[in-house]
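Right, one structure below, let's go through it.
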Amino acid sequence: AVMEKTDKAVVLPMDITWSDVGSWDSVYEVLNKDENQNVKIGNILDIDTKNSFIMTDKRLAVTVGVEDLIVVETPDVVLIAKRGEGQKIKDVVQILKQNEKTKQITEYHTTVYRPWGSYTELEKGERYRIKRITVLPGEALSLQMHYHRSEHWIVVKGTAKVILEHDGGKKEEIYIHENESIYVPKTTKHRLINPGKIPLEIIEVQVGEYVEEDDIIRFEDKYQRDRLG
């Protein structure tokens, strides 16, 4: 729409190739390869491996006697596909979305960013969930409450200011330093604040009959988010 109306446009010849890098196959094509035509990113041991794309996040990946593979390891999924079939990943995503047990993989990443910082899920079981939470300097989570879970917070970096509001109106303001912890019972209003000048990092252990993200009732929130969830 802009180009149709301008009288100041020019066309220049360009001797280039173009790829929108829209699949793992195209990523393989544009990256440098070793003597066996492998692209390797991360901690990888390859033996008799040829023409493959291998990428890891943290764990060691070992390939033996394979060719023409795409292997991608992330914190929540390991992908193994034949090179040339990368476009079918969109079909995998649709299948995951249709399954009640797997749809959350397409909705939530292992690390989730919030206005106050981020959290990374380290482990999750039937009645527990473990997160690493990072709160930016001067930021605060909402004043909130959970019906179905209690929380244990262990400070590993920085200082946390914790607000607890108990039944009957009693209010506590507690400072938790590195290597100290605090217990937040279910149905207790609470708020986590970083009063310092460095990022606050805590390990949060949730325990209860329901540990999903929608068990949050917000009472005050500086970011004006919904009361529920």
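In the structure tokens, chains take letters A, B, ... by order of appearance, with residues numbered from 1 within each chain and ligands from 1 in the order shown.
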
Discussion item. Can you pull out the residues contacting Leu200 of chain A? Cut-off 7 Å, using only C-alpha atoms, and skip same-chain residues under 2 positions away; I want them as a list of chain:residue names.
Written reply: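 The filter keeps A:Thr134, A:Val135, A:Leu136, A:Lys157, A:Gly158, A:Thr159, A:Ala160, A:Asn194, A:Ile198, A:Ile202.
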
Expected file: the selected residues, N, CA and C atoms, as a tab-separated table (two decimals), in the first residue's frame:
chain	number	residue	atom	x	y	z
A	134	THR	N	12.60	-15.61	39.82
A	134	THR	CA	13.48	-14.44	39.80
A	134	THR	C	12.61	-13.18	39.81
A	135	VAL	N	12.82	-12.33	40.82
A	135	VAL	CA	12.08	-11.07	40.94
A	135	VAL	C	13.07	-9.93	40.71
A	136	LEU	N	12.77	-9.06	39.78
A	136	LEU	CA	13.66	-7.96	39.44
A	136	LEU	C	13.72	-6.93	40.57
A	157	LYS	N	19.46	-16.11	46.47
A	157	LYS	CA	20.21	-14.91	46.10
A	157	LYS	C	19.38	-13.69	46.43
A	158	GLY	N	19.99	-12.70	47.09
A	158	GLY	CA	19.28	-11.47	47.40
A	158	GLY	C	18.53	-11.57	48.72
A	159	THR	N	17.62	-10.60	48.91
A	159	THR	CA	16.79	-10.54	50.11
A	159	THR	C	15.33	-10.39	49.70
A	160	ALA	N	14.45	-11.18	50.32
A	160	ALA	CA	13.02	-11.13	50.01
A	160	ALA	C	12.28	-10.42	51.15
A	194	ASN	N	10.89	-7.72	46.08
A	194	ASN	CA	12.35	-7.58	46.05
A	194	ASN	C	12.70	-6.13	46.40
A	198	ILE	N	19.64	-5.98	43.45
A	198	ILE	CA	20.04	-7.10	42.59
A	198	ILE	C	18.83	-8.02	42.45
A	202	ILE	N	14.60	-17.22	44.30
A	202	ILE	CA	14.14	-18.14	45.32
A	202	ILE	C	13.76	-19.47	44.67

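Distance annotation: of A:Gly42, A:Pro199, A:Gly86, A:Pro75, the residue with the minimal separation from Asp25 of chain A is A:Gly86; atom set is only C-alpha atoms.
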
Discussion item. Neighbouring residues of Val184 of chain A were defined as those with any atom within 7 Å, considering only C-alpha atoms; residues of the same chain fewer than 3 positions away were excluded. Please report them as a list of chain:residue names.
Written reply: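 Counting only the stated atoms, we get A:Ser150, A:Glu151, A:His152, A:Thr188.
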
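Across A:Asp91, A:Glu107, A:Asp48, A:Glu121, the tightest approach to Gln206 of chain A is made by A:Glu121 when counting only C-alpha atoms.
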
Item to complete: Would you kindly return, as a list of chain:residue names, each protein, DNA or RNA residue with an atom no farther than 12 Å from any atom of Glu123 of chain A, considering only C-alpha atoms and excluding same-chain residues fewer than 2 positions away?
Response: A:Pro75, A:Asp76, A:Thr110, A:Thr111, A:Thr120, A:Glu121, A:Gly125, A:Glu126, A:Arg127, A:Tyr128, A:Arg129, A:Ile130, A:Lys131, A:Arg132, A:Ile203, A:Glu204, A:Val205, A:Gln206, A:Val211

Include C-alpha atoms and write out the residues we just selected as a PDB file, in the first residue's frame.
ATOM      1  CA  PRO A  75      13.909 -28.379  28.905  1.00  0.00           C
ATOM      2  CA  ASP A  76      10.408 -29.717  28.160  1.00  0.00           C
ATOM      3  CA  THR A 110       9.421 -24.139  31.041  1.00  0.00           C
ATOM      4  CA  THR A 111      10.446 -20.523  31.670  1.00  0.00           C
ATOM      5  CA  THR A 120      11.295 -21.647  35.613  1.00  0.00           C
ATOM      6  CA  GLU A 121       9.624 -24.957  36.380  1.00  0.00           C
ATOM      7  CA  GLY A 125       4.527 -34.225  40.302  1.00  0.00           C
ATOM      8  CA  GLU A 126       0.977 -35.204  41.192  1.00  0.00           C
ATOM      9  CA  ARG A 127       0.879 -33.129  44.421  1.00  0.00           C
ATOM     10  CA  TYR A 128       3.919 -30.875  44.144  1.00  0.00           C
ATOM     11  CA  ARG A 129       5.642 -28.384  41.880  1.00  0.00           C
ATOM     12  CA  ILE A 130       9.130 -26.856  42.163  1.00  0.00           C
ATOM     13  CA  LYS A 131      10.059 -23.501  40.576  1.00  0.00           C
ATOM     14  CA  ARG A 132      13.003 -21.141  40.451  1.00  0.00           C
ATOM     15  CA  ILE A 203      13.252 -21.808  45.075  1.00  0.00           C
ATOM     16  CA  GLU A 204       9.504 -22.316  45.534  1.00  0.00           C
ATOM     17  CA  VAL A 205       8.075 -25.696  46.514  1.00  0.00           C
ATOM     18  CA  GLN A 206       4.292 -25.938  46.106  1.00  0.00           C
ATOM     19  CA  VAL A 211      -0.804 -26.948  41.772  1.00  0.00           C
TER      20      VAL A 211
END

Worksheet item: What is the atom CA of Tyr147 of chain A to atom CA of Gln98 of chain A distance in Å?
Response: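 It comes out at 28.4 Å.
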
Item to complete: From a DSSP calculation on the backbone, collect every residue of segment 26-108 of chain A in strand (DSSP E) and output the set as a VMD selection string.
Response: chain A and resid 39 to 41 44 to 47 53 to 55 61 to 64 69 to 73 78 to 82

Export, as a PDB file, in the first residue's frame, the selected residues with C-alpha atoms.
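Printed below is selection-v8.pdb as written:
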ATOM      1  CA  VAL A  39      25.558 -29.189  12.760  1.00  0.00           C
ATOM      2  CA  LYS A  40      26.249 -29.522  16.490  1.00  0.00           C
ATOM      3  CA  ILE A  41      25.104 -27.023  19.119  1.00  0.00           C
ATOM      4  CA  ILE A  44      27.363 -33.453  22.014  1.00  0.00           C
ATOM      5  CA  LEU A  45      29.297 -36.676  21.432  1.00  0.00           C
ATOM      6  CA  ASP A  46      28.788 -38.052  17.931  1.00  0.00           C
ATOM      7  CA  ILE A  47      30.205 -41.347  16.652  1.00  0.00           C
ATOM      8  CA  PHE A  53      21.422 -31.473  13.105  1.00  0.00           C
ATOM      9  CA  ILE A  54      21.935 -31.973  16.862  1.00  0.00           C
ATOM     10  CA  MET A  55      21.169 -29.297  19.450  1.00  0.00           C
ATOM     11  CA  ALA A  61      23.483 -35.877  23.634  1.00  0.00           C
ATOM     12  CA  VAL A  62      25.166 -38.991  22.211  1.00  0.00           C
ATOM     13  CA  THR A  63      24.531 -40.211  18.665  1.00  0.00           C
ATOM     14  CA  VAL A  64      25.968 -43.453  17.282  1.00  0.00           C
ATOM     15  CA  LEU A  69      18.490 -36.825  11.707  1.00  0.00           C
ATOM     16  CA  ILE A  70      17.225 -33.739  13.488  1.00  0.00           C
ATOM     17  CA  VAL A  71      17.719 -34.022  17.257  1.00  0.00           C
ATOM     18  CA  VAL A  72      16.672 -31.054  19.414  1.00  0.00           C
ATOM     19  CA  GLU A  73      16.634 -31.242  23.217  1.00  0.00           C
ATOM     20  CA  VAL A  78      13.068 -33.872  22.924  1.00  0.00           C
ATOM     21  CA  LEU A  79      12.483 -33.856  19.159  1.00  0.00           C
ATOM     22  CA  ILE A  80      13.851 -36.625  16.939  1.00  0.00           C
ATOM     23  CA  ALA A  81      12.947 -36.403  13.265  1.00  0.00           C
ATOM     24  CA  LYS A  82      14.289 -37.400   9.879  1.00  0.00           C
TER      25      LYS A  82
END

Worksheet entry | Nearest-residue call for Glu213 of chain A, choices A:Leu192, A:Glu165, A:Gln104, A:Glu178, using only C-alpha atoms | A:Gln104

Worksheet item: With only C-alpha atoms as the atoms that count, which of A:Val66, A:Ile89, A:Leu12, A:Ala1 lies nearest to Lys50 of chain A?
Response: A:Val66

Worksheet item: If you measure from atom CA of Glu85 of chain A to atom CA of Val27 of chain A, what distance in Å do you get, rounded to one decimal?
Response: 13.0 Å

Worksheet entry | Pairwise distance for atom CA of Gly138 of chain A and atom CA of Arg218 of chain A, rounded to one decimal in Å |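 That distance, rounded to one decimal, is 19.4 Å.
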
Worksheet item: Taking into account only C-alpha atoms, which residue in the set A:Ser23, A:Arg149, A:Asp221, A:Glu67 is nearest to Asn38 of chain A?
Response: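 Answer, going by the shortest atom-to-atom distance: A:Glu67.
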
Fill in: Using only C-alpha atoms: which of A:Lys58, A:Lys90, A:Lys171, A:Arg191 has the shortest distance to Trp24 of chain A
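Checking each candidate against Trp24 of chain A, we get A:Lys90 as the closest.
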
Fill in: Surrounding residues of Ile163 of chain A excluding itself and chain neighbours under 4 positions, 6 Å, only C-alpha atoms, as a ChimeraX atom specification
/A:172-173,190-191
